[in-house]
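See structure below.
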Amino acid sequence: MEKIMSLKVFKVLLAGCLLIAVTGMNVYAAEWKYAMGEGLSDPQGIYAVAFKSYIEENSRHKIKIYPVGSLGEETDMMEQTKAGILQFLGQSTGYMGGTIPEMDLFTLPYVLPTDTKQLDYFFKNSKAITNMLPPIFNQHGLELLSIFPEGEMAVTTFVPFHSPEDLKGKKMRVMPGSPILVETYKAFGASPVPMSWGDLIGALKTNMVDGQENPTVWIEAYDLDNLTKVLTYTGHGHFNASASANKKFFDELSERDKKLVQAAAAHAHKIILVEAQKLDAYGVGRIVRTNPDYKIVTLTESERAPFIKAAKVVQASFASKSASNKKVLGQMMADLKEAEANAK
């Protein structure tokens, strides 16, 4: 009887080993939660869906995505991720500055190029992103997976502007939680008004604010061109986003699953670099076709000059706040020089 039972146990163990060998997957399957600050068809959503697809096609794990508003405001999602309630978080770098001050790096005016080839090279090869920011994220209980661009910032207003003097006294909505954006619009001559995305449309309709900034994909999708009169390309920056994981969750994954998550992030990052450019072009194209009377302005080099000069004060302010800020900015500038040289 003992020999028969031993044989049965042996067969069960053998079957289990064969299953693992044949499938090449961990028998354990989990459902992981991924929250983000945008909708499924927006850039962060495209990244999240690509990330989810890769995970589910290459493992037995599942990803449940919670789009914008599902679990509260941006600060709520950040806290839930740090607490381990959520495994993954997609969030604008502008919002992250309140938690990780170094992330204001990506909001600094007139640092990132407008040239898409240079930008693409930078986000693929930046040492500031791949080497310096991950340990900083770890200090805040997060594991950095990706940082990527969503589109060039455009400023929409009720009246045209061509200089900081034109913006004097104008109330410009900025994302809450980003001191750099407040500093930037003060330097540009305006009066910045931190305001949640949910309040912006009502504020434009009632003239509580005189303008705002966003990529064209957002301006077109949420009808902001019909709520203002002029769209201006100042060349001062890009809207960027990040993807991260709860560090404790990531650290406790098997080596196989760690590699799976990193591969999924690399896969999604590659896709969004292409798709973000398409969405940006699509946004302005749709505005031109559907709102032909809407005025679109691109500031000339001479018109940008005083804005660029004002931006130097903001850049210096960021660098002066900590040794870490100064070091990361220095590496970013070196990365951008490399991008300029290699993207020709």
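By convention here, the chains of the structure tokens are called A, B, ... in the order presented, each chain's residues are numbered starting at 1, and ligands are numbered starting at 1 in the order presented.
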### Query
What lies within 12 Å of A:Tyr28 using only C-alpha atoms, ignoring chain neighbours under 5 positions off, as a PyMOL selection string?
chain A and resi 20+59-62+253-254+256-257
Produce a table with one row for each residue of stretch 99-194 of chain A that has an atom at most 12 Å from any atom of stretch 310-319 of chain A, each row naming the nearest atom pair and its distance in Å at one decimal; use only C-alpha atoms; arrange rows by chain and rising residue number; format as CSV.
residue,atom,partner,partner_atom,distance
A:Pro101,CA,A:Phe318,CA,9.1
A:Glu102,CA,A:Phe318,CA,8.7
A:Met103,CA,A:Phe318,CA,10.5
A:Asp104,CA,A:Phe318,CA,7.9
A:Leu105,CA,A:Phe318,CA,7.8
A:Phe106,CA,A:Gln315,CA,10.9
A:Thr107,CA,A:Gln315,CA,9.9
A:Leu108,CA,A:Gln315,CA,6.3
A:Pro109,CA,A:Ala311,CA,5.7
A:Tyr110,CA,A:Ala311,CA,6.6
A:Val111,CA,A:Gln315,CA,8.5
A:Leu112,CA,A:Gln315,CA,12.0
A:Ser163,CA,A:Ala310,CA,11.0
A:Pro164,CA,A:Ala310,CA,8.8
A:Glu165,CA,A:Ala310,CA,11.8
A:Ser178,CA,A:Phe318,CA,11.7
A:Pro179,CA,A:Phe318,CA,9.6
A:Ile180,CA,A:Val314,CA,7.2
A:Leu181,CA,A:Val314,CA,9.2
A:Val182,CA,A:Val314,CA,9.8
A:Glu183,CA,A:Val314,CA,6.4
A:Thr184,CA,A:Val314,CA,6.2
A:Tyr185,CA,A:Ala311,CA,9.4
A:Lys186,CA,A:Ala310,CA,9.3
A:Ala187,CA,A:Ala310,CA,5.5
A:Phe188,CA,A:Ala310,CA,6.4
A:Gly189,CA,A:Ala310,CA,9.1
A:Ala190,CA,A:Ala310,CA,11.9
### Residues flagged strand (DSSP E) by DSSP in stretch 49-287 of chain A, as a PyMOL selection string
chain A and resi 62-66+88-92+142-157+171-174+191-194+211-215+230-233+238-246
### Query
Mind pulling up the distance from atom CA of A:Lys205 to atom CA of A:Leu227?
6.6 Å
### Among listed residues A:Lys278, A:Lys64, A:Lys52, A:Lys33, nearest A:Glu152 (using only C-alpha atoms)
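Comparing A:Lys278, A:Lys64, A:Lys52, A:Lys33 against A:Glu152, the winner is A:Lys278.
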### Task
Using DSSP on the backbone coordinates, identify the residues of stretch 8-212 of chain A assigned to helix (DSSP H, G or I); present them as an NGL selection string.
:A and (8-23 or 43-57 or 74-82 or 93-96 or 101-107 or 116-125 or 127-139 or 164-167 or 179-187 or 197-205)
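Every protein or nucleic acid residue with an atom no more than 8 Å from A:His162, counting only C-alpha atoms and leaving out same-chain residues fewer than 2 positions away, appears here: Pro160, Pro164, Asp166, Leu299 and Glu303 of chain A.
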Write a file of the selected residues as a tab-separated table (two decimals), in the first residue's frame, keeping all heavy atoms.
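Contents of again_0.tsv, freshly written:
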chain	number	residue	atom	x	y	z
A	160	PRO	N	-4.62	86.87	-27.77
A	160	PRO	CA	-3.25	86.51	-28.14
A	160	PRO	C	-2.24	87.12	-27.18
A	160	PRO	O	-2.49	88.14	-26.55
A	160	PRO	CB	-3.10	87.12	-29.55
A	160	PRO	CG	-4.47	87.43	-30.01
A	160	PRO	CD	-5.28	87.70	-28.79
A	164	PRO	N	5.98	88.31	-22.26
A	164	PRO	CA	5.58	88.25	-20.84
A	164	PRO	C	4.72	89.44	-20.44
A	164	PRO	O	3.83	89.30	-19.61
A	164	PRO	CB	6.92	88.24	-20.10
A	164	PRO	CG	7.87	87.61	-21.08
A	164	PRO	CD	7.43	88.13	-22.42
A	166	ASP	N	2.45	90.82	-22.16
A	166	ASP	CA	1.07	90.54	-22.57
A	166	ASP	C	0.34	89.64	-21.57
A	166	ASP	O	-0.89	89.64	-21.50
A	166	ASP	CB	1.04	89.85	-23.94
A	166	ASP	CG	1.48	90.76	-25.08
A	166	ASP	OD1	1.43	91.99	-24.89
A	166	ASP	OD2	1.88	90.24	-26.13
A	299	LEU	N	5.19	81.26	-31.50
A	299	LEU	CA	6.06	82.40	-31.20
A	299	LEU	C	7.35	82.32	-32.01
A	299	LEU	O	7.94	81.25	-32.17
A	299	LEU	CB	6.38	82.46	-29.71
A	299	LEU	CG	5.22	82.69	-28.74
A	299	LEU	CD1	5.76	82.87	-27.32
A	299	LEU	CD2	4.36	83.87	-29.15
A	303	GLU	N	10.44	86.45	-30.17
A	303	GLU	CA	9.37	86.52	-29.18
A	303	GLU	C	9.61	85.55	-28.02
A	303	GLU	O	9.23	85.82	-26.88
A	303	GLU	CB	8.02	86.19	-29.85
A	303	GLU	CG	7.52	87.31	-30.76
A	303	GLU	CD	6.28	86.92	-31.55
A	303	GLU	OE1	6.09	85.70	-31.79
A	303	GLU	OE2	5.52	87.82	-31.94
### Nearest residue to A:Asp225 from the set A:Glu252, A:Glu275, A:Asp293, A:Glu56 (distances using only C-alpha atoms)
A:Asp293
